[in-house]
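Student: A single structure is presented below for examination.
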Amino acid sequence: MCGLAGFVGSGTPADIHAMAARLAHRGPDAEATFTDPIYPVHLGFRRLIILDPQGGAQPMHSQAQGLSVVFNGEIYNHRALRQALEARGHRFRSDHSDTEVLLHGYAEWGEALPQQLEGMFAFAIWDRLRRRIFCARDRFGEKPFYYAHQPGLFAFASEITALHAHTGLSDAPDPQAVQKFFAYGYVPAPRTIYRHARKLEAGSTITFDLDTDSLRRAAYWHFKIEAEDHAPADKIPALAEELRALLIQAVARRLEADVPLGVYLSGGVDSTAILALAARARGAAGIDSFTIGFNQPSYDESGFARAAANAIGSRHHERVIDLNDARRELPGLLSSLDEPFADPSILPTYLLARFAREQFTVALSGDGSDELFAGYDPFSALAPAGLYHRAIPAPLHQLFRFGAARLPRSTANMSFDFRLRRFLRGLSHRPALWNPVWLGALAPEDFAACFENPLPPERLFEEAIDAWDHSASRNLVDRTLEFYTNFYLPEMILAKADRASMRASLECRAPFLDRDVAAFCQRLPHGYKMRNGQRKFILKEALRGIVPDAVLQRKKKGFGIPLMDWLGSLTPPADIPDPSGMRPGFAAARWQGLRAKTEDERLFLWAHLCFQHVGAGA
């Protein structure tokens with residue numbers, strides 16, 4: 001796990017040093033840069049040492065093949081790939097560096113290399129003989145990759161802040177991306193909040209040609225469900241056994257490290273499953289679990305985590321945090337983000353990563369399970385939403401919304417009144433918009449009041465609409481799974497996990513995002529994921545006898561903070577000149593409504609707070 005940077009074209013060695021310096025938190029163990037003696041190619045790297053401390057230094061070169069690489073992430077099948085490449089005549093210098101596998105793999109398979117890889121990765125390979133740079137990002141987008149291209153300059157980095165360290169690039173916001181941020185709660189790839197910067201989409205590659213100063217993008221993988229609707233009960237035991245074997249393999253792959261390794265633990269199904277499987281692989285006494293608890297009971301999961309750790313037998317580490325004290329971390333944390341994303345759990349996620357980093361360099365998490373196995377609350381809302389959509393006429397729907405808007409406001413996490421208003425807000429639109437509107441910070445009907453030049457819903461949500469309309473499945477559950485996995489997972493959940501962990505210089509691995517587990521989910525009928533109203537059905541069946549029954553039966557609880565209480569006690573950000581086109585006074589009125597308890601726009605106000613701290617609105 002590291003930070004990479006590079007550019008081709010205008011610029012100096014001072015630029016690449018500055019870019020790499022911005023990534024010090026991602027790689028505190030070593031720093032190196034490379035400047036090609038003939039071509040205007042510069043590479044920079046910051047290293048967090050995980051594998052092969054002696055042989056894994058970067059940038060790494062293969063003089064005979066004319067190749068250089070900078071790489072962030074882990075290749076979990078690197079040993080198998082090394083054996084295959086050695087059988088084809090390749091000779092390795094390192095003992096077990098996965099970085100060197102990329103060099104030889106590219107020499108053997110060229111731009112088909114990413115299809116051979118099982119792992120989380122972002123890398124750039126300078127191919128001197130062909131005068132091109134080949135860049136790739138992993139299937140789910142666990143590792144970030146940003147780039148900018150303008151005449152005479154192609155630059156890339158693990159974070160936008162590193163791009164901005166190049167003197168030839170600006171940080172002007174993109175007004176349309178700003179509106180998309182408030183629509184989704186994140187900026188969907190390939191856009192970023194800035195005009196010049198782009199995100200390489202998950203499962204994609206780009207190739208920059210020095211001779212033509214041109215970029216070519218290609219997608220090598222996309223999460224698409226290709227399964228029958230039929231889900232007979234007699235297949236459940238065999239499917240559960242297959243999934244169990246795949247999860248055992250996925251966790252084992254992610255336990256390789258030359259540094260200490262632990263497991264995040266909330267006491268829920270996903271994290272407990274990872275801990276239990278890691279304990280089976282290493283022995284319970286050889287695995288450590290980490291939990292942070294809060295002194296406010298409604299947000300505290302430490303008791304559940306402690307019970308799970310005791311049942312499995314891990315060495316458990318727990319720290320109780322005062323949430324009001326933790327709030328002091330917010331300004332610095334939000335200001336450190338590349339882009340705003342409206343997930344308040346960034347704070348407890350960062351605190352957990354920082355706690356784990358006191359003893360460990362690598363942690364395993366349960367990320368990805370909710371997206372692959374239908375774990376979120378909206379999956380339970382799909383059936384009633386479909387019925388409501390067909391049966392309730394528009395005038396009556398508006399009456400229901402009017403009534404829900406007048407319900408007393410609760411400050412509780414995911415309170416009934418909040419969920420009801422969100423549910424009805426989404427059903428004001430066609431099914432393609434339900435999921436983004438349920439999750440988004442600002443309702444589509446509010447954009448005209450918020451922005452000087454509002455985008456219509458068809459433009460705001462064009463990415464989600466296109467994915468929904470072109471899905472191979474007609475089923476609401478499958479389409480929603482694809483939405484969460486292709487949009488919400490990489491842009492919100494994995495971005496949060498990466499930024500929080502790397503701010504603490506910790507590597508975070510997600511076994512549920514294993515390539516083979518994903519392939520299993522793509523061919524698995526939705527009736528095994530959501531069955532008789534039970535979410536994650538087949539996952540829970542696979543985990544019986546591994547995870548305690550009490551955990552499997554536990555109701556899902558998010559990693560939350562008392563958002564309403566906190567926002568109500570904050571001094572609202574000042575209205576400042578906003579090049580994104582947000583109307584003066586719109587946010588201030590919502591802050592006032594929150595403090596008066598006449599409105600509940602908690603997600604919009606959190607998004608606005610994040611937007612102001614990141615600085616895109618300045």
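Labeling convention for the structure tokens: chains A, B, ... as they appear, residues from 1 per chain, ligands from 1 in order of appearance.
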Any idea what's packed within 10 Å of region 24-32 of chain A, counting only C-alpha atoms, ignoring anything in its chain fewer than 3 positions away? Could you give it as a PyMOL selection string?

Tutor: chain A and resi 1-4+16-17+19-21+43-49+57-59+72+158-159+498-499+501-507

Student: With N, CA and C atoms kept, could you save the residues just selected as an mmCIF file, in the first residue's frame?

Tutor:
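Final output, saved to out_29.cif:
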```cif
data_model
loop_
_atom_site.group_PDB
_atom_site.id
_atom_site.type_symbol
_atom_site.label_atom_id
_atom_site.label_comp_id
_atom_site.auth_asym_id
_atom_site.auth_seq_id
_atom_site.Cartn_x
_atom_site.Cartn_y
_atom_site.Cartn_z
ATOM 1 N N MET A 1 0.857 -1.178 0.000
ATOM 2 C CA MET A 1 0.000 0.000 0.000
ATOM 3 C C MET A 1 0.888 1.221 0.000
ATOM 4 N N CYS A 2 0.711 2.083 -0.982
ATOM 5 C CA CYS A 2 1.664 3.159 -1.149
ATOM 6 C C CYS A 2 0.988 4.324 -1.846
ATOM 7 N N GLY A 3 1.794 5.296 -2.243
ATOM 8 C CA GLY A 3 1.310 6.413 -3.035
ATOM 9 C C GLY A 3 2.179 6.567 -4.260
ATOM 10 N N LEU A 4 1.552 6.740 -5.423
ATOM 11 C CA LEU A 4 2.306 6.885 -6.666
ATOM 12 C C LEU A 4 1.975 8.219 -7.334
ATOM 13 N N ILE A 16 7.947 16.531 -9.575
ATOM 14 C CA ILE A 16 7.692 15.146 -9.152
ATOM 15 C C ILE A 16 8.037 14.974 -7.672
ATOM 16 N N HIS A 17 9.044 15.673 -7.188
ATOM 17 C CA HIS A 17 9.346 15.608 -5.761
ATOM 18 C C HIS A 17 8.204 16.196 -4.946
ATOM 19 N N MET A 19 5.045 16.368 -5.865
ATOM 20 C CA MET A 19 3.896 15.474 -5.966
ATOM 21 C C MET A 19 4.038 14.296 -5.005
ATOM 22 N N ALA A 20 5.228 13.700 -4.976
ATOM 23 C CA ALA A 20 5.456 12.563 -4.083
ATOM 24 C C ALA A 20 5.364 12.975 -2.616
ATOM 25 N N ALA A 21 5.817 14.191 -2.307
ATOM 26 C CA ALA A 21 5.791 14.651 -0.915
ATOM 27 C C ALA A 21 4.362 14.746 -0.390
ATOM 28 N N LEU A 43 8.613 9.744 -12.570
ATOM 29 C CA LEU A 43 7.846 8.879 -11.684
ATOM 30 C C LEU A 43 8.245 9.153 -10.243
ATOM 31 N N GLY A 44 7.241 9.132 -9.354
ATOM 32 C CA GLY A 44 7.508 9.328 -7.934
ATOM 33 C C GLY A 44 6.769 8.302 -7.110
ATOM 34 N N PHE A 45 7.324 8.003 -5.928
ATOM 35 C CA PHE A 45 6.737 6.929 -5.135
ATOM 36 C C PHE A 45 6.984 7.149 -3.660
ATOM 37 N N ARG A 46 5.973 6.840 -2.847
ATOM 38 C CA ARG A 46 6.097 6.768 -1.393
ATOM 39 C C ARG A 46 5.688 5.360 -0.963
ATOM 40 N N ARG A 47 6.502 4.714 -0.151
ATOM 41 C CA ARG A 47 6.291 3.295 0.147
ATOM 42 C C ARG A 47 5.876 3.035 1.597
ATOM 43 N N LEU A 48 4.817 2.239 1.746
ATOM 44 C CA LEU A 48 4.461 1.610 3.011
ATOM 45 C C LEU A 48 4.843 0.147 2.866
ATOM 46 N N ILE A 49 5.844 -0.298 3.580
ATOM 47 C CA ILE A 49 6.413 -1.621 3.359
ATOM 48 C C ILE A 49 5.493 -2.703 3.914
ATOM 49 N N ALA A 57 11.473 -2.279 -3.553
ATOM 50 C CA ALA A 57 11.606 -0.829 -3.690
ATOM 51 C C ALA A 57 11.098 -0.356 -5.054
ATOM 52 N N GLN A 58 10.523 0.839 -5.072
ATOM 53 C CA GLN A 58 9.993 1.441 -6.299
ATOM 54 C C GLN A 58 10.468 2.894 -6.404
ATOM 55 N N PRO A 59 10.415 3.453 -7.629
ATOM 56 C CA PRO A 59 10.072 2.830 -8.903
ATOM 57 C C PRO A 59 10.988 1.644 -9.195
ATOM 58 N N ASN A 72 0.570 0.834 -6.472
ATOM 59 C CA ASN A 72 -0.073 0.953 -5.170
ATOM 60 C C ASN A 72 -1.054 -0.197 -5.009
ATOM 61 N N SER A 158 -2.026 9.087 -6.927
ATOM 62 C CA SER A 158 -2.973 8.393 -6.063
ATOM 63 C C SER A 158 -3.986 9.342 -5.445
ATOM 64 N N GLU A 159 -3.663 10.621 -5.401
ATOM 65 C CA GLU A 159 -4.578 11.600 -4.833
ATOM 66 C C GLU A 159 -4.536 12.879 -5.661
ATOM 67 N N ASP A 498 -10.246 3.879 1.817
ATOM 68 C CA ASP A 498 -8.880 4.208 1.400
ATOM 69 C C ASP A 498 -8.398 5.483 2.072
ATOM 70 N N ARG A 499 -9.218 6.549 2.040
ATOM 71 C CA ARG A 499 -8.756 7.818 2.608
ATOM 72 C C ARG A 499 -8.564 7.699 4.115
ATOM 73 N N SER A 501 -7.964 4.940 5.988
ATOM 74 C CA SER A 501 -6.843 4.076 6.356
ATOM 75 C C SER A 501 -5.502 4.693 5.978
ATOM 76 N N MET A 502 -5.427 5.304 4.795
ATOM 77 C CA MET A 502 -4.146 5.841 4.355
ATOM 78 C C MET A 502 -3.771 7.118 5.093
ATOM 79 N N ARG A 503 -4.760 7.844 5.597
ATOM 80 C CA ARG A 503 -4.427 8.989 6.449
ATOM 81 C C ARG A 503 -3.708 8.498 7.707
ATOM 82 N N ALA A 504 -4.027 7.266 8.121
ATOM 83 C CA ALA A 504 -3.366 6.663 9.279
ATOM 84 C C ALA A 504 -2.183 5.786 8.872
ATOM 85 N N SER A 505 -1.817 5.755 7.591
ATOM 86 C CA SER A 505 -0.728 4.918 7.067
ATOM 87 C C SER A 505 -0.979 3.443 7.356
ATOM 88 N N LEU A 506 -2.215 3.009 7.109
ATOM 89 C CA LEU A 506 -2.624 1.632 7.333
ATOM 90 C C LEU A 506 -3.159 1.053 6.036
ATOM 91 N N GLU A 507 -2.788 -0.179 5.720
ATOM 92 C CA GLU A 507 -3.356 -0.851 4.561
ATOM 93 C C GLU A 507 -4.623 -1.594 4.975
#
```

Student: Show which residues sit within 10 Å of Asp322 (chain A), as a list in words. Count only C-alpha atoms, and ignore same-chain residues fewer than 2 positions away.

Tutor: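 Counting only the stated atoms, we get Gly293, Phe294, Asn295, Gln296, Val320, Asn324, Asp325, Ala326 and Arg327 of chain A.
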
Student: Within 8 Å of region 130-142 of chain A, counting only C-alpha atoms, which residues show up once you throw out same-chain ones fewer than 6 positions away? Write them as a ChimeraX atom specification, please.

Tutor: /A:111,114,119-124,200-211,221-222,485-486,489-490,494-495,498,513

Student: Mind the document's chain letters and residue numbers, and return as a PyMOL selection string the residues of region 281-471 of chain A that DSSP labels alpha helix (DSSP H).

Tutor: chain A and resi 281-282+302-312+323-326+330-335+346-357+369-373+377-391+394-405+416-426+431-439+447-450+457-460+462-469

Student: Figure out the distance between CA of Leu442 (chain A) and CA of Leu330 (chain A), please, to one decimal in Å.

Tutor: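 According to the coordinates, CA of Leu330 (chain A) and CA of Leu442 (chain A) are separated by 21.9 Å.
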
Student: So which one's closest to Leu117 (chain A), A:Gly105, A:Pro297, A:Gly55, A:Gly9? Using only C-alpha atoms, please.

Tutor: A:Gly105

Student: So which residues of region 153-248 of chain A fall under strand (DSSP E) by DSSP, listed as an MDAnalysis selection string?

Tutor: chainID A and resid 153:157 197:199 204:209 214:219

Student: Counting only C-alpha atoms, which residues of region 318-431 of chain A fall within 10 Å of region 173-196 of chain A, and what is the closest atom pair for each with its distance in Å at one decimal, ordered by chain and rising number, as CSV?

Tutor:
```
residue,atom,partner,partner_atom,distance
A:Asp338,CA,A:Ile193,CA,8.8
A:Glu339,CA,A:Ile193,CA,6.3
A:Pro340,CA,A:Tyr186,CA,6.8
A:Phe341,CA,A:Tyr186,CA,4.7
A:Ala342,CA,A:Gly185,CA,4.8
A:Asp343,CA,A:Gly185,CA,7.6
```

Student: Pick out the residues sitting within 12 Å of Ala449 (chain A), and hand them over as a list in words; count only C-alpha atoms, and ignore anything fewer than 2 positions along from it in its own chain.

Tutor: Leu442, Ala443, Pro444, Glu445, Asp446, Phe447, Phe451, Glu452, Asn453, Pro454, Leu455, Gly581, Met582, Arg583, Pro584, Gly585, Phe586, Ala587, Ala589 and Arg590 of chain A

Student: Next, dump the selected residues to file, keeping only C-alpha atoms, as a short mmCIF file (atom, residue, chain, number, x, y, z; two decimals), in the first residue's frame.

Tutor:
```
data_model
loop_
_atom_site.label_atom_id
_atom_site.label_comp_id
_atom_site.auth_asym_id
_atom_site.auth_seq_id
_atom_site.Cartn_x
_atom_site.Cartn_y
_atom_site.Cartn_z
CA LEU A 442 -30.29 17.01 -2.26
CA ALA A 443 -33.64 16.16 -3.86
CA PRO A 444 -33.84 16.73 -7.64
CA GLU A 445 -36.70 19.19 -7.19
CA ASP A 446 -34.47 21.40 -4.99
CA PHE A 447 -31.72 22.01 -7.55
CA PHE A 451 -28.09 26.47 -8.21
CA GLU A 452 -28.08 29.33 -10.69
CA ASN A 453 -27.94 26.95 -13.65
CA PRO A 454 -29.46 23.70 -12.42
CA LEU A 455 -28.95 20.50 -14.36
CA GLY A 581 -23.03 28.49 -9.01
CA MET A 582 -24.71 27.71 -5.68
CA ARG A 583 -27.20 30.43 -4.85
CA PRO A 584 -26.30 32.59 -1.82
CA GLY A 585 -28.52 31.86 1.12
CA PHE A 586 -29.81 28.42 0.11
CA ALA A 587 -27.58 26.50 2.52
CA ALA A 589 -31.74 28.69 5.18
CA ARG A 590 -31.35 24.92 5.63
#
```

Student: Neighbours of Lys555 (chain A) within 12 Å (only C-alpha atoms; same-chain residues fewer than 5 positions away dropped), as a list of chain:residue names?

Tutor: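 Skipping anything fewer than 5 positions along the chain leaves A:Gly267, A:Gly268, A:Val269, A:Glu301, A:Phe304, A:Gly375, A:Tyr376, A:Asp377, A:Gln534, A:Arg535, A:Lys536, A:Ala550.
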